[in-house]
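To start, the structure under review is shown below, and the notes come after it.
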Amino acid sequence: MMGRFLQVFEPISRIMPEVRAPPKRVNLSEKLFWTGIALVVYLVMSEIPLFGVPGGGSQSDVYFLWRVIFAANMRTLMELGIGPIVTAGLILQLLAGSGIIDVDFSKSEERALYTAASKFFTIVMIVVQALAYILGGAYRYSDGGVIKNISFQASVLVFVQLLAAGIVIMLLDELIQKGWGLGSGISLFIVAGVAQTIFWHTFSPFPLGDGKYMGALLAFFQSILKGEAVSQWFVRGQGYPDMLGFLTTIIVFLVAIYMEGMRIELPVSYARVRGFRGKLPLKLLYVSNIPVILAYAVFANIQLLARIIWSWFNPMNENFLLNLIGTFNETDGNQQVTGGLAYYVTGSNLADLVQNPLRGIVYMVFVIGLCVLFSVMWLEVGGQGPEQVAEQVIESGMQIPGFRRSKGPIENLLRRYIPTLTILGGALVGLLAAVSQFFGVFSSGMGVLLAVSILYQYYQILAQEQIQEFFPALGKVLS
């Protein structure tokens with residue numbers, strides 16, 4: 001079945017843009033150089049505004065969480081970020097992991113065609129998401145109090161820019177993954193976007209509507225020098241960065257680091273070498289941050305769909321059935337969600353939580369419920385279930401002391417831990433992401449979770465690269 005699926009992309013693979021793999025192993029200094037180049041290109045593109053989109057006015061970002069996940073920046077060349085790459089990759093991985101399509105990654109030809117398929121679907125998703133933003137009224141603006149859409153010519157120009165920027169990001173990701181850089185472009189851009197947001201919300205010297213600087217630390221000292229009440233030192237209101245959010249960000253970082261390090265370690269031994277002992281680590285966050293990414297991706301798509309439906313079919317909020325999907329209030333080209341499903345899947349701050357606790361409770365239940373659901377689903381799709389792990393232990397020549405070296409007993413032992421860790425880990429990351437949203441954590445709790453996980457992965461990658469640099473023989477064994 002997969003052969004037919006791959007054959008469709010054989011002629012397409014010849015015209016797809018491609019980054020050649022390095023002819024020989026790239027040393028660490030070169031990898032750091034190319035990783036830095038990719039990062040600089042991403043950061044520059046995230047600051048270049050889209051030509052043809054009117055600026056000015058306060059632009060509320062109803063897709064903030066979407067941008068955190070996908071390293072996007074509002075009304076710039078990075079409007080879509082890595083969203084098309086991640087979406088296309090998840091679709092193919094879900095199809096392959098669930099057995100709907102079958103691919104043998106040990107064969108170079110099938111790997112190449114699978115990569116071509118991934119690129120093709122990435123370009124398709126760039127087109128779909130760019131059109132969704134344009135048709136959904138994301139670039140509406142106020143002209144003398146009258147809300148207008150950008151012209152057809154401007155829409156075409158914006159579409160071309162988003163398409164070109166999306167292809168550049170796709171190639172930068174391929175550049176890093178082909179071995180020219182470290183890790184993956186997706187992880188690099190996510191952590192860069194999170195770090196940029198946290199730094200900007202902490203130290204930005206630009207003034208906001210309350211007369212204080214945007215940066216929480218600068219605004220904190222301004223409040224002290226002005227002799228304001230102590231409560232105003234920590235809470236600013238209006239959704240502006242404040243010291244409460246800054247302190248909560250630090251706490252969430254520490255909690256995320258602690259959770260990342262929590263694990264159950266099962267003793268293992270090598271069946272062919274006596275005296276060799278090791279440990280099989282089962283992390284508390286067993287399926288990592290994938291559940292919270294998928295959950296917030298669902299929320300973001302609900303918000304995007306609700307906005308498109310409202311903009312085209314229900315701008316006056318008069319249709320009862322469409323109001324269930326989402327209602328909005330538009331002022332000066334900015335759309336604020338006011339009701340419907342889109343309202344309850346949009347996070348609120350602490351002040352909103354006090355005024356409307358039902359919204360906060362429903363939001364938290366949705367986040368935790370979806371994270372647990374996606375954790376359980378990803379357990380099998382991602383090949384991390386007890387059966388698959390037991391097979392990996394046997395195939396690697398390892399055994400668990402006290403158990404027969406066969407699949408059944410090891411699988412039964414793993415079933416005591418893996419399902420519980422999966423559900424508990426999913427619920428904890430969902431709870432942390434939801435609660436941190438209420439306290440205004442910079443770049444959201446989900447962004448902090450992603451950053452901690454990615455930085456830990458980069459720490460491991462750098463450690464392995466250094467071993468390969470100084471001890472090539474040992475590096476080959478580790479790889």
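Labeling convention for the structure tokens: chains A, B, ... as they appear, residues from 1 per chain, ligands from 1 in order of appearance.
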
Strand (DSSP E or B) call set, DSSP backbone run, range 267-401 of chain A, as a list in words: Pro267, Val268, Ser269, Tyr270, Arg277, Gly278, Lys279, Leu280, Pro281, Leu282, Lys283, Thr327, Phe328, Asn329, Glu330, Thr331, Asn334, Gln335, Gln336, Val337, Thr338, Gly339, Met398 and Gln399 of chain A

Applying 12 Å and only C-alpha atoms, which residues near range 414-423 of chain A remain after dropping the ones on its own chain fewer than 2 positions away? List them as a VMD selection string. chain A and resid 259 262 to 266 280 to 291 368 to 380 384 to 391 393 400 403 407 to 412 425 to 430

Using only C-alpha atoms, which residues sit within 12 Å of Val435 in chain A once same-chain residues fewer than 2 positions away are excluded, as a PyMOL selection string? chain A and resi 245+248-249+251-252+347-350+353+360-361+363-365+367-368+428-433+437-441+444-446

I'd like to know which residues of range 236-268 of chain A are alpha helix (DSSP H) (by DSSP, run on the backbone); could you write them as a list in words? Met243, Leu244, Gly245, Phe246, Leu247, Thr248, Thr249, Ile250, Ile251, Val252, Phe253, Leu254, Val255, Ala256, Ile257, Tyr258, Met259, Glu260 and Gly261 of chain A

Writer output for current selection, C-alpha atoms, as a PDB file, in the first residue's frame:
ATOM      1  CA  MET A 243       6.149  41.266  37.767  1.00  0.00           C
ATOM      2  CA  LEU A 244       3.496  38.674  38.631  1.00  0.00           C
ATOM      3  CA  GLY A 245       3.992  37.155  35.190  1.00  0.00           C
ATOM      4  CA  PHE A 246       7.778  37.446  35.510  1.00  0.00           C
ATOM      5  CA  LEU A 247       7.901  35.664  38.869  1.00  0.00           C
ATOM      6  CA  THR A 248       5.431  33.016  37.700  1.00  0.00           C
ATOM      7  CA  THR A 249       7.571  32.441  34.589  1.00  0.00           C
ATOM      8  CA  ILE A 250      10.575  31.666  36.814  1.00  0.00           C
ATOM      9  CA  ILE A 251       8.464  29.299  38.946  1.00  0.00           C
ATOM     10  CA  VAL A 252       7.105  27.501  35.863  1.00  0.00           C
ATOM     11  CA  PHE A 253      10.653  27.137  34.497  1.00  0.00           C
ATOM     12  CA  LEU A 254      11.770  25.491  37.744  1.00  0.00           C
ATOM     13  CA  VAL A 255       8.714  23.216  37.850  1.00  0.00           C
ATOM     14  CA  ALA A 256       9.216  22.233  34.186  1.00  0.00           C
ATOM     15  CA  ILE A 257      12.902  21.419  34.816  1.00  0.00           C
ATOM     16  CA  TYR A 258      11.949  19.327  37.854  1.00  0.00           C
ATOM     17  CA  MET A 259       9.240  17.470  35.913  1.00  0.00           C
ATOM     18  CA  GLU A 260      11.633  16.874  32.999  1.00  0.00           C
ATOM     19  CA  GLY A 261      14.071  15.142  35.358  1.00  0.00           C
TER      20      GLY A 261
END

Trp180 in chain A environment, 8 Å, only C-alpha atoms, sequence neighbours closer than 6 positions dropped, as a PyMOL selection string: chain A and resi 21-22+26+30-31+34-35

Take the residues from that selection and write them out as a PDB file, in the first residue's frame, keeping C-alpha atoms.
ATOM      1  CA  ALA A  21      23.453  16.170   2.470  1.00  0.00           C
ATOM      2  CA  PRO A  22      27.067  16.941   3.420  1.00  0.00           C
ATOM      3  CA  VAL A  26      30.522  18.072   9.518  1.00  0.00           C
ATOM      4  CA  GLU A  30      30.771  24.072  11.244  1.00  0.00           C
ATOM      5  CA  LYS A  31      27.487  22.784  12.648  1.00  0.00           C
ATOM      6  CA  TRP A  34      25.241  26.797  10.005  1.00  0.00           C
ATOM      7  CA  THR A  35      22.875  26.564  12.984  1.00  0.00           C
TER       8      THR A  35
END

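As for CA of Pro23 in chain A and CA of Tyr42 in chain A, they are spaced 25.5 Å apart.
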
Polymer residues at most 10 Å from Leu324 in chain A, only C-alpha atoms, same-chain spacing of 2 or more positions, as a PyMOL selection string: chain A and resi 306+317+319-322+326-327+339-343
